[in-house]
Every structure is written in C-alpha cells, then in structure tokens.
file upload-v5.json (JSON, C-alpha atoms)
[["chain", "number", "residue", "atom", "x", "y", "z"],
["A", 1, "MET", "CA", -16.52, 31.57, 6.66],
["A", 2, "LYS", "CA", -14.13, 31.90, 3.76],
["A", 3, "ASN", "CA", -11.31, 30.40, 5.83],
["A", 4, "PHE", "CA", -13.60, 27.65, 7.07],
["A", 5, "GLY", "CA", -14.57, 26.77, 3.51],
["A", 6, "THR", "CA", -10.91, 26.60, 2.54],
["A", 7, "MET", "CA", -10.19, 24.22, 5.45],
["A", 8, "VAL", "CA", -13.09, 21.94, 4.46],
["A", 9, "LEU", "CA", -11.91, 21.86, 0.86],
["A", 10, "GLY", "CA", -8.36, 21.01, 1.98],
["A", 11, "LEU", "CA", -9.66, 18.20, 4.20],
["A", 12, "LEU", "CA", -11.71, 16.75, 1.36],
["A", 13, "LEU", "CA", -8.68, 16.83, -0.93],
["A", 14, "MET", "CA", -6.58, 15.02, 1.69],
["A", 15, "ILE", "CA", -9.23, 12.33, 2.06],
["A", 16, "GLY", "CA", -9.42, 11.97, -1.71],
["A", 17, "CYS", "CA", -5.65, 11.57, -1.93],
["A", 18, "LYS", "CA", -5.66, 8.88, 0.74],
["A", 19, "GLU", "CA", -8.25, 6.88, -1.15],
["A", 20, "THR", "CA", -5.88, 6.62, -4.13],
["A", 21, "VAL", "CA", -3.23, 4.81, -2.05],
["A", 22, "PRO", "CA", -3.39, 1.00, -2.50],
["A", 23, "SER", "CA", -4.75, -0.75, 0.58],
["A", 24, "THR", "CA", -2.44, -3.72, 0.09],
["A", 25, "MET", "CA", 1.00, -4.27, -1.38],
["A", 26, "ASP", "CA", 1.70, -6.70, -4.18],
["A", 27, "ALA", "CA", 4.41, -9.38, -4.11],
["A", 28, "GLN", "CA", 6.95, -7.30, -6.00],
["A", 29, "GLN", "CA", 6.54, -4.29, -3.73],
["A", 30, "ILE", "CA", 6.97, -6.48, -0.64],
["A", 31, "VAL", "CA", 10.19, -8.05, -1.93],
["A", 32, "ASP", "CA", 11.56, -4.67, -3.04],
["A", 33, "LYS", "CA", 10.91, -3.23, 0.42],
["A", 34, "SER", "CA", 12.42, -6.28, 2.12],
["A", 35, "ILE", "CA", 15.63, -6.03, 0.10],
["A", 36, "GLU", "CA", 15.79, -2.29, 0.84],
["A", 37, "VAL", "CA", 15.61, -2.75, 4.64],
["A", 38, "SER", "CA", 18.00, -5.71, 4.54],
["A", 39, "GLY", "CA", 20.87, -4.06, 2.70],
["A", 40, "GLY", "CA", 19.62, -2.68, -0.59],
["A", 41, "ASP", "CA", 22.38, -1.55, -2.95],
["A", 42, "LEU", "CA", 25.06, -2.76, -0.54],
["A", 43, "TYR", "CA", 24.48, -6.31, -1.81],
["A", 44, "THR", "CA", 25.92, -5.29, -5.18],
["A", 45, "LYS", "CA", 28.66, -3.13, -3.70],
["A", 46, "SER", "CA", 30.16, -5.54, -1.16],
["A", 47, "ASN", "CA", 32.26, -8.66, -0.88],
["A", 48, "ILE", "CA", 30.96, -11.08, 1.76],
["A", 49, "SER", "CA", 32.56, -14.00, 3.59],
["A", 50, "PHE", "CA", 31.43, -16.33, 6.37],
["A", 51, "ASN", "CA", 31.98, -19.77, 7.86],
["A", 52, "PHE", "CA", 29.34, -22.48, 7.82],
["A", 53, "ARG", "CA", 29.88, -26.02, 9.15],
["A", 54, "ASP", "CA", 33.68, -25.92, 9.01],
["A", 55, "ARG", "CA", 33.71, -24.48, 5.52],
["A", 56, "GLU", "CA", 34.56, -20.98, 4.38],
["A", 57, "TYR", "CA", 32.37, -19.17, 1.87],
["A", 58, "HIS", "CA", 33.12, -16.06, -0.18],
["A", 59, "TYR", "CA", 30.85, -13.90, -2.32],
["A", 60, "GLU", "CA", 32.82, -11.56, -4.57],
["A", 61, "ARG", "CA", 32.10, -9.21, -7.43],
["A", 62, "ILE", "CA", 34.83, -8.90, -10.04],
["A", 63, "ASP", "CA", 34.20, -6.77, -13.13],
["A", 64, "ASN", "CA", 30.50, -6.80, -12.20],
["A", 65, "LYS", "CA", 30.52, -10.62, -12.30],
["A", 66, "LYS", "CA", 29.33, -12.62, -9.29],
["A", 67, "ILE", "CA", 31.85, -15.17, -8.00],
["A", 68, "LEU", "CA", 30.87, -17.73, -5.34],
["A", 69, "LYS", "CA", 33.57, -19.68, -3.49],
["A", 70, "ARG", "CA", 33.76, -22.50, -0.97],
["A", 71, "ILE", "CA", 37.02, -23.41, 0.77],
["A", 72, "PHE", "CA", 37.58, -26.43, 3.00],
["A", 73, "LYS", "CA", 40.16, -28.99, 4.01],
["A", 74, "LYS", "CA", 39.98, -32.70, 3.31],
["A", 75, "ASP", "CA", 42.72, -34.76, 4.92],
["A", 76, "THR", "CA", 45.87, -32.78, 4.06],
["A", 77, "SER", "CA", 44.41, -31.05, 0.99],
["A", 78, "THR", "CA", 42.83, -27.62, 0.64],
["A", 79, "ILE", "CA", 39.89, -27.63, -1.78],
["A", 80, "ILE", "CA", 38.58, -24.46, -3.39],
["A", 81, "ASP", "CA", 35.31, -24.61, -5.35],
["A", 82, "ILE", "CA", 34.54, -21.61, -7.55],
["A", 83, "LYS", "CA", 31.15, -21.04, -9.15],
["A", 84, "GLU", "CA", 30.87, -18.35, -11.79],
["A", 85, "PRO", "CA", 27.73, -17.54, -13.80],
["A", 86, "SER", "CA", 28.64, -19.96, -16.60],
["A", 87, "GLU", "CA", 31.18, -22.39, -15.16],
["A", 88, "PHE", "CA", 32.42, -24.32, -12.14],
["A", 89, "CYS", "CA", 36.07, -24.99, -11.22],
["A", 90, "ARG", "CA", 37.71, -26.99, -8.46],
["A", 91, "TYR", "CA", 41.25, -26.47, -7.20],
["A", 92, "ILE", "CA", 43.07, -28.91, -4.93],
["A", 93, "ASN", "CA", 46.18, -27.42, -3.34],
["A", 94, "ASP", "CA", 46.07, -24.63, -5.95],
["A", 95, "ASP", "CA", 46.00, -27.11, -8.86],
["A", 96, "LEU", "CA", 42.99, -27.05, -11.21],
["A", 97, "VAL", "CA", 41.46, -30.53, -11.39],
["A", 98, "VAL", "CA", 39.06, -32.08, -13.89],
["A", 99, "VAL", "CA", 35.59, -32.73, -12.44],
["A", 100, "ALA", "CA", 32.93, -34.83, -14.20],
["A", 101, "ASP", "CA", 29.94, -32.77, -15.33],
["A", 102, "SER", "CA", 27.56, -34.60, -12.99],
["A", 103, "LEU", "CA", 29.76, -33.88, -9.97],
["A", 104, "ALA", "CA", 30.43, -30.31, -11.12],
["A", 105, "ASN", "CA", 26.66, -29.66, -11.15],
["A", 106, "LEU", "CA", 26.31, -31.22, -7.72],
["A", 107, "TYR", "CA", 29.13, -29.15, -6.22],
["A", 108, "ALA", "CA", 27.97, -25.94, -7.92],
["A", 109, "ASN", "CA", 24.42, -26.37, -6.63],
["A", 110, "SER", "CA", 25.72, -27.00, -3.12],
["A", 111, "VAL", "CA", 27.83, -23.84, -3.17],
["A", 112, "ASN", "CA", 24.97, -21.79, -4.63],
["A", 113, "SER", "CA", 22.45, -23.09, -2.06],
["A", 114, "VAL", "CA", 24.47, -21.96, 0.96],
["A", 115, "HIS", "CA", 25.04, -18.50, -0.52],
["A", 116, "TYR", "CA", 21.37, -18.22, -1.53],
["A", 117, "PHE", "CA", 20.07, -18.71, 1.99],
["A", 118, "ALA", "CA", 22.81, -16.58, 3.56],
["A", 119, "HIS", "CA", 21.98, -13.57, 1.36],
["A", 120, "LEU", "CA", 18.19, -13.62, 1.56],
["A", 121, "PRO", "CA", 16.10, -11.68, 0.64],
["A", 122, "TYR", "CA", 18.59, -10.55, -2.00],
["A", 123, "GLY", "CA", 18.15, -12.86, -4.98],
["A", 124, "LEU", "CA", 14.37, -12.80, -4.97],
["A", 125, "ASN", "CA", 14.43, -10.28, -7.80],
["A", 126, "ALA", "CA", 16.43, -12.52, -10.14],
["A", 127, "LYS", "CA", 14.98, -12.88, -13.67],
["A", 128, "ALA", "CA", 14.05, -16.54, -13.16],
["A", 129, "VAL", "CA", 12.04, -15.84, -9.97],
["A", 130, "HIS", "CA", 8.24, -15.67, -10.03],
["A", 131, "LYS", "CA", 6.47, -14.22, -7.00],
["A", 132, "GLU", "CA", 2.84, -14.53, -5.93],
["A", 133, "LEU", "CA", 1.11, -13.07, -2.88],
["A", 134, "LEU", "CA", -0.91, -15.85, -1.24],
["A", 135, "GLY", "CA", -2.50, -13.71, 1.45],
["A", 136, "ASN", "CA", -2.10, -12.45, 4.98],
["A", 137, "VAL", "CA", -1.50, -14.73, 7.97],
["A", 138, "THR", "CA", -0.68, -14.47, 11.65],
["A", 139, "ILE", "CA", 2.20, -16.39, 13.25],
["A", 140, "LYS", "CA", 2.92, -16.07, 16.96],
["A", 141, "ASN", "CA", 0.66, -13.00, 17.20],
["A", 142, "LYS", "CA", 2.48, -11.17, 14.40],
["A", 143, "ASP", "CA", 1.04, -10.35, 10.98],
["A", 144, "TYR", "CA", 2.74, -11.52, 7.79],
["A", 145, "TYR", "CA", 2.52, -11.34, 4.03],
["A", 146, "LYS", "CA", 2.68, -14.90, 2.72],
["A", 147, "LEU", "CA", 4.43, -15.18, -0.66],
["A", 148, "LYS", "CA", 4.96, -18.09, -3.02],
["A", 149, "VAL", "CA", 8.18, -18.20, -5.07],
["A", 150, "THR", "CA", 8.78, -20.45, -8.08],
["A", 151, "PHE", "CA", 11.40, -20.45, -10.82],
["A", 152, "SER", "CA", 11.58, -20.55, -14.60],
["A", 153, "GLU", "CA", 13.35, -23.56, -16.08],
["A", 154, "GLU", "CA", 15.71, -21.22, -17.92],
["A", 155, "GLY", "CA", 18.00, -19.65, -15.37],
["A", 156, "GLY", "CA", 16.32, -21.40, -12.45],
["A", 157, "GLY", "CA", 19.00, -24.03, -11.94],
["A", 158, "ASP", "CA", 18.65, -27.78, -11.67],
["A", 159, "ASP", "CA", 16.06, -27.43, -8.90],
["A", 160, "PHE", "CA", 13.88, -24.95, -10.79],
["A", 161, "ASP", "CA", 10.74, -26.94, -9.93],
["A", 162, "ASP", "CA", 11.17, -26.46, -6.16],
["A", 163, "VAL", "CA", 8.52, -24.34, -4.44],
["A", 164, "TYR", "CA", 9.35, -21.75, -1.78],
["A", 165, "ILE", "CA", 7.09, -19.89, 0.64],
["A", 166, "TYR", "CA", 8.18, -16.73, 2.47],
["A", 167, "TRP", "CA", 6.55, -14.93, 5.38],
["A", 168, "PHE", "CA", 7.40, -11.20, 5.45],
["A", 169, "ASN", "CA", 6.71, -9.32, 8.66],
["A", 170, "LYS", "CA", 4.16, -6.59, 7.92],
["A", 171, "GLU", "CA", 5.89, -4.08, 10.20],
["A", 172, "THR", "CA", 9.55, -4.71, 9.33],
["A", 173, "TYR", "CA", 9.20, -6.32, 5.86],
["A", 174, "LYS", "CA", 11.86, -8.83, 6.89],
["A", 175, "PRO", "CA", 11.39, -12.55, 6.04],
["A", 176, "ASP", "CA", 11.08, -14.07, 9.51],
["A", 177, "TYR", "CA", 10.15, -17.51, 8.12],
["A", 178, "LEU", "CA", 10.57, -19.48, 4.93],
["A", 179, "ALA", "CA", 9.69, -22.96, 3.72],
["A", 180, "TYR", "CA", 10.51, -24.99, 0.65],
["A", 181, "GLU", "CA", 9.55, -28.24, -1.03],
["A", 182, "PHE", "CA", 12.27, -30.13, -2.90],
["A", 183, "ALA", "CA", 12.39, -33.19, -5.12],
["A", 184, "VAL", "CA", 16.01, -34.43, -4.88],
["A", 185, "ASN", "CA", 17.01, -37.34, -2.65],
["A", 186, "GLY", "CA", 13.44, -38.57, -2.35],
["A", 187, "GLY", "CA", 11.99, -35.12, -1.78],
["A", 188, "GLY", "CA", 10.82, -33.38, 1.33],
["A", 189, "LYS", "CA", 9.74, -30.13, 2.96],
["A", 190, "ARG", "CA", 11.53, -27.76, 5.32],
["A", 191, "PHE", "CA", 10.46, -24.80, 7.43],
["A", 192, "ARG", "CA", 12.98, -22.27, 8.70],
["A", 193, "GLU", "CA", 12.60, -19.82, 11.56],
["A", 194, "ALA", "CA", 15.03, -16.88, 11.52],
["A", 195, "TYR", "CA", 16.80, -15.83, 14.71],
["A", 196, "ASN", "CA", 19.99, -14.03, 15.80],
["A", 197, "GLU", "CA", 19.47, -11.17, 13.39],
["A", 198, "ARG", "CA", 22.47, -8.87, 13.01],
["A", 199, "TYR", "CA", 23.67, -6.26, 10.55],
["A", 200, "VAL", "CA", 27.28, -6.35, 9.36],
["A", 201, "ASN", "CA", 28.34, -3.17, 7.59],
["A", 202, "GLY", "CA", 24.73, -2.51, 6.63],
["A", 203, "ILE", "CA", 23.69, -6.00, 5.45],
["A", 204, "ARG", "CA", 21.29, -8.20, 7.41],
["A", 205, "PHE", "CA", 22.22, -11.77, 8.35],
["A", 206, "VAL", "CA", 20.26, -14.36, 10.34],
["A", 207, "ASP", "CA", 20.57, -17.92, 11.58],
["A", 208, "TYR", "CA", 17.77, -20.47, 11.29],
["A", 209, "ASN", "CA", 16.02, -23.18, 13.21],
["A", 210, "ASN", "CA", 15.47, -25.82, 10.52],
["A", 211, "TYR", "CA", 12.28, -27.91, 10.88],
["A", 212, "LYS", "CA", 10.51, -30.65, 8.99],
["A", 213, "PRO", "CA", 6.89, -31.88, 9.21],
["A", 214, "LYS", "CA", 6.37, -35.21, 10.96],
["A", 215, "ASP", "CA", 4.05, -36.26, 8.14],
["A", 216, "LYS", "CA", 5.83, -36.00, 4.77],
["A", 217, "ASN", "CA", 2.44, -35.66, 3.03],
["A", 218, "THR", "CA", 1.86, -32.30, 4.72],
["A", 219, "SER", "CA", 1.08, -29.54, 2.23],
["A", 220, "ILE", "CA", 3.82, -26.90, 1.98],
["A", 221, "TYR", "CA", 1.04, -24.29, 2.01],
["A", 222, "GLU", "CA", -0.13, -25.40, 5.47],
["A", 223, "ILE", "CA", 3.26, -25.84, 7.12],
["A", 224, "ASP", "CA", 3.01, -22.49, 8.93],
["A", 225, "GLU", "CA", -0.13, -23.72, 10.68],
["A", 226, "LEU", "CA", 1.77, -26.76, 11.96],
["A", 227, "PHE", "CA", 4.57, -24.51, 13.21],
["A", 228, "GLY", "CA", 2.02, -22.40, 15.07],
["A", 229, "ARG", "CA", 0.77, -25.55, 16.81],
["A", 230, "ASN", "CA", 4.34, -26.76, 17.61],
["A", 231, "GLU", "CA", 3.84, -29.78, 15.36],
["A", 232, "LEU", "CA", 7.13, -29.58, 13.44],
["A", 233, "GLU", "CA", 10.30, -31.50, 14.24],
["A", 234, "LEU", "CA", 13.55, -29.55, 14.73],
["A", 235, "LEU", "CA", 16.22, -31.05, 12.46],
["A", 236, "SER", "CA", 19.16, -28.70, 12.78],
["A", 237, "LYS", "CA", 20.38, -25.16, 13.22],
["A", 238, "ILE", "CA", 21.74, -23.13, 10.31],
["A", 239, "GLU", "CA", 24.37, -20.84, 11.84],
["A", 240, "LEU", "CA", 26.73, -18.47, 10.04],
["A", 241, "GLU", "CA", 29.96, -17.59, 11.82],
["A", 242, "ASN", "CA", 32.66, -14.97, 11.31],
["A", 243, "VAL", "CA", 30.53, -12.92, 8.90],
["A", 244, "GLN", "CA", 32.53, -10.18, 7.19],
["A", 245, "VAL", "CA", 31.36, -7.55, 4.72],
["A", 246, "THR", "CA", 33.77, -5.32, 2.81],
["A", 247, "GLN", "CA", 32.44, -2.62, 0.56],
["A", 248, "ILE", "CA", 33.96, -2.50, -2.93],
["A", 249, "ASN", "CA", 35.75, 0.72, -3.80]]
call {"tool": "encode", "arguments": {"input": "upload-v5.json", "output": "structure tokens"}}
result
Amino acid sequence: MKNFGTMVLGLLLMIGCKETVPSTMDAQQIVDKSIEVSGGDLYTKSNISFNFRDREYHYERIDNKKILKRIFKKDTSTIIDIKEPSEFCRYINDDLVVVADSLANLYANSVNSVHYFAHLPYGLNAKAVHKELLGNVTIKNKDYYKLKVTFSEEGGGDDFDDVYIYWFNKETYKPDYLAYEFAVNGGGKRFREAYNERYVNGIRFVDYNNYKPKDKNTSIYEIDELFGRNELELLSKIELENVQVTQIN
C-alpha cells in the first residue's frame, strides 16, 4: 500500500506539472523555434552567396557588420552594389561612382529585399519587427500558426508600413507560406508558397511560387483562403541557384 500511495502521488505530481505547460505558443516563441530549425546561430557565423535572375548576391559579415552585395553585368560593365548598415555604394568596373540619393535608396532596397526573402525566417527578430499571432489555420490539410508582422518606422526601412503574414507549420515550425501587402508602384498583394527546400551547410533555403489575387481588393488576411480554393494567379517563380554557405572562422 505504501508503494501504491507513492505511485499515486508521483502520478498526481506529473499531471500537475503538465498543467503548467502553456497550451499554445506565442508569436515570439514560434519565430525563435523557426529560426532554430532553419539554421540558428549559423546565420551569424556564415557567409552566403547565391544567384537570382542572372545576378549574384553575397551576404558577408566583416567585423560583426552585415554587408549585402549584388553583382551583375550591364553591356560591357560589371556593376557591384554594396549595402552596409548605414550606407550604399556602387562600383562600375571597380570604380566608385556617385549615385543620387533617390536612386541609392532604390538600389539599396532592391538588394535588401532579395536577401531578406532568401534568408527567412532569419531577420524576423530584428528590433524593428513586431509580431502578432493571429490564430491557427489549416492549409492543404496541414495545421499552421498564422502570424502578422509589421515594422517600426525607425529601422524599418522605406517600406516600413508594409504588412506581412507568415504561416508556420505546427509540426516543423518552418514558414511554408508568406504573404505581404505593399504600397509602392500602385500597391498590391502577393502570396508565396515555399518549395524545393534544401539545407546548405546547415542553413535552410527554399524557392517560391509567387501568386497574386485576381481581385486587388482582396484582404491580405484572407489570401490563404483563396489559395486553398485555387483562386490565386501564379505570377512567377522565385528560384535561388548556386547557393553556397561558408562558415566564418
């Protein structure tokens, strides 16, 4: 009887401990877990390069400073765009050229955008990012956490008022889908479906099917429902080629 009583007490303690575990995760916990399974600390300890639409992109860390590069040819010239945290530079055939501020912002945003999508979910813990859990949804018979991401004006870039939605797989914590609403060039909405997942030296990369709603007045918060009903229009494919990851010594 004494042993039986001890077993009952142990069982009750186990049940009590289980009840203290949160039944759901919050937005921050989901993003932290997603970054962990997608590469974790390797994002800050690696240099990354890839090709996208006939252009070469490099992500480097020098003296703990993030350097983003884009290299491409135009006619007979080689153009190198370099975006650092506080400045943008353009070189043509190794010569530094003067770029008007308006164009410098345009080029810098373009370089940053490609790197941003290529390195997801890393970046979702930046200081300017605000995350909100919208709820739980099902897409193609899989369960997802649906998160909203917005940005502070300070540190959020020129497009700080854009709205992003991410769908994190509840089993893998990977962002299988994302959508965003933008204001530039007349505005619009996009929905991306990840495919061709691969890990290169421990970091996850994907390609995307890039969709848009047929009705531009569609709410960004309902765009996943349209995707589930095959009511989105495929615009393009976002494919990264020749991905290379080198860990920093």
call {"tool": "residues_around", "arguments": {"input": "upload-v5.json", "residues": "stretch 31-46 of chain A", "least_positions_apart": "6", "cutoff": "9 Å", "atoms": "all atoms listed in the file", "output": "list in words"}}
result
Tyr59, Glu60, Arg61, Asn64, His119, Leu120, Pro121, Tyr122, Gly123, Leu124, Asn125, Lys131, Phe168, Thr172, Tyr173, Lys174, Pro175, Tyr199, Asn201, Gly202, Ile203, Arg204, Phe205, Val245, Thr246, Gln247, Ile248 and Asn249 of chain A
call {"tool": "closest_atom_pairs", "arguments": {"input": "upload-v5.json", "of": "stretch 58-78 of chain A", "to": "stretch 92-99 of chain A", "cutoff": "12 Å", "atoms": "only C-alpha atoms", "output": "CSV"}}
result
residue,atom,partner,partner_atom,distance
A:Arg70,CA,A:Ile92,CA,12.0
A:Ile71,CA,A:Ile92,CA,10.0
A:Phe72,CA,A:Ile92,CA,10.0
A:Lys73,CA,A:Ile92,CA,9.4
A:Lys74,CA,A:Ile92,CA,9.6
A:Asp75,CA,A:Ile92,CA,11.5
A:Thr76,CA,A:Asn93,CA,9.1
A:Ser77,CA,A:Asn93,CA,5.9
A:Thr78,CA,A:Asn93,CA,5.2
call {"tool": "atom_distance", "arguments": {"input": "upload-v5.json", "atom1": "atom CA of A:Val206", "atom2": "atom CA of A:Lys170"}}
result
18.0 Å
call {"tool": "closest_residue", "arguments": {"input": "upload-v5.json", "among": "A:Ala100, A:Glu233, A:Glu241, A:Asn169", "to": "A:Ile139", "atoms": "all atoms listed in the file"}}
result
A:Asn169
call {"tool": "closest_residue", "arguments": {"input": "upload-v5.json", "among": "A:Ser152, A:Ala108, A:Ile67, A:Leu103", "to": "A:Val129", "atoms": "only C-alpha atoms"}}
result
A:Ser152
call {"tool": "atom_distance", "arguments": {"input": "upload-v5.json", "atom1": "atom CA of A:Arg55", "atom2": "atom CA of A:Leu234"}}
result
22.7 Å
call {"tool": "residues_around", "arguments": {"input": "upload-v5.json", "residues": "A:Lys146", "least_positions_apart": "3", "cutoff": "12 Å", "atoms": "all atoms listed in the file", "output": "VMD selection string"}}
result
chain A and resid 25 to 27 30 to 31 131 to 139 143 149 164 to 170 173 to 179 221 to 224
call {"tool": "atom_distance", "arguments": {"input": "upload-v5.json", "atom1": "atom CA of A:Lys66", "atom2": "atom CA of A:Ile48"}}
result
11.3 Å
call {"tool": "axis_aligned_box", "arguments": {"input": "upload-v5.json", "around": "stretch 111-129 of chain A", "padding_each_side": "4 Å", "output": "lines of an AutoDock Vina configuration file"}}
result
center_x = 19.9
center_y = -17.1
center_z = -5.1
size_x = 23.8
size_y = 21.6
size_z = 25.2
call {"tool": "closest_residue", "arguments": {"input": "upload-v5.json", "among": "A:Val114, A:Glu56, A:Glu171, A:Asn242", "to": "A:Ile79", "atoms": "all atoms listed in the file"}}
result
A:Glu56
call {"tool": "build_atoms", "arguments": {"input": "upload-v5.json", "residues": "stretch 163-192 of chain A", "atoms": "N, CA and C atoms", "output": "short mmCIF file (atom, residue, chain, number, x, y, z; two decimals), keeping the file's coordinate frame"}}
result
data_model
loop_
_atom_site.label_atom_id
_atom_site.label_comp_id
_atom_site.auth_asym_id
_atom_site.auth_seq_id
_atom_site.Cartn_x
_atom_site.Cartn_y
_atom_site.Cartn_z
N VAL A 163 9.46 -25.39 -4.83
CA VAL A 163 8.52 -24.34 -4.44
C VAL A 163 8.94 -23.76 -3.09
N TYR A 164 8.98 -22.45 -3.01
CA TYR A 164 9.35 -21.75 -1.78
C TYR A 164 8.17 -20.91 -1.30
N ILE A 165 8.06 -20.80 0.02
CA ILE A 165 7.09 -19.89 0.64
C ILE A 165 7.86 -18.98 1.61
N TYR A 166 7.55 -17.69 1.57
CA TYR A 166 8.18 -16.73 2.47
C TYR A 166 7.11 -15.99 3.26
N TRP A 167 7.44 -15.71 4.52
CA TRP A 167 6.55 -14.93 5.38
C TRP A 167 7.27 -13.64 5.76
N PHE A 168 6.78 -12.50 5.21
CA PHE A 168 7.40 -11.20 5.45
C PHE A 168 6.62 -10.46 6.52
N ASN A 169 7.32 -10.07 7.56
CA ASN A 169 6.71 -9.32 8.66
C ASN A 169 6.11 -8.02 8.14
N LYS A 170 4.84 -7.76 8.46
CA LYS A 170 4.16 -6.59 7.92
C LYS A 170 4.70 -5.27 8.47
N GLU A 171 5.33 -5.30 9.63
CA GLU A 171 5.89 -4.08 10.20
C GLU A 171 7.32 -3.83 9.73
N THR A 172 8.13 -4.88 9.65
CA THR A 172 9.55 -4.71 9.33
C THR A 172 9.89 -5.05 7.88
N TYR A 173 9.00 -5.81 7.23
CA TYR A 173 9.20 -6.32 5.86
C TYR A 173 10.33 -7.35 5.77
N LYS A 174 10.79 -7.83 6.90
CA LYS A 174 11.86 -8.83 6.89
C LYS A 174 11.26 -10.23 6.82
N PRO A 175 11.90 -11.18 6.11
CA PRO A 175 11.39 -12.55 6.04
C PRO A 175 11.75 -13.33 7.30
N ASP A 176 10.83 -13.38 8.25
CA ASP A 176 11.08 -14.07 9.51
C ASP A 176 11.03 -15.59 9.37
N TYR A 177 10.30 -16.07 8.35
CA TYR A 177 10.15 -17.51 8.12
C TYR A 177 10.22 -17.79 6.62
N LEU A 178 10.64 -19.01 6.30
CA LEU A 178 10.57 -19.48 4.93
C LEU A 178 10.39 -20.99 4.95
N ALA A 179 9.86 -21.51 3.86
CA ALA A 179 9.69 -22.96 3.72
C ALA A 179 9.94 -23.31 2.27
N TYR A 180 10.31 -24.56 2.04
CA TYR A 180 10.51 -24.99 0.65
C TYR A 180 10.24 -26.48 0.52
N GLU A 181 9.83 -26.84 -0.68
CA GLU A 181 9.55 -28.24 -1.03
C GLU A 181 10.51 -28.63 -2.15
N PHE A 182 11.26 -29.72 -1.94
CA PHE A 182 12.27 -30.13 -2.90
C PHE A 182 12.04 -31.56 -3.35
N ALA A 183 12.63 -31.88 -4.51
CA ALA A 183 12.39 -33.19 -5.12
C ALA A 183 13.60 -34.12 -5.03
N VAL A 184 14.81 -33.59 -4.87
CA VAL A 184 16.01 -34.43 -4.88
C VAL A 184 16.06 -35.32 -3.64
N ASN A 185 16.80 -36.42 -3.77
CA ASN A 185 17.01 -37.34 -2.65
C ASN A 185 15.69 -37.81 -2.02
N GLY A 186 14.71 -38.08 -2.84
CA GLY A 186 13.44 -38.57 -2.35
C GLY A 186 12.45 -37.49 -2.00
N GLY A 187 12.90 -36.24 -2.03
CA GLY A 187 11.99 -35.12 -1.78
C GLY A 187 11.74 -34.86 -0.31
N GLY A 188 11.13 -33.73 -0.05
CA GLY A 188 10.82 -33.38 1.33
C GLY A 188 10.41 -31.92 1.45
N LYS A 189 10.16 -31.51 2.68
CA LYS A 189 9.74 -30.13 2.96
C LYS A 189 10.50 -29.64 4.19
N ARG A 190 10.83 -28.36 4.19
CA ARG A 190 11.53 -27.76 5.32
C ARG A 190 10.88 -26.42 5.67
N PHE A 191 10.95 -26.08 6.94
CA PHE A 191 10.46 -24.80 7.43
C PHE A 191 11.56 -24.18 8.27
N ARG A 192 11.90 -22.93 7.98
CA ARG A 192 12.98 -22.27 8.70
C ARG A 192 12.48 -21.04 9.44
#
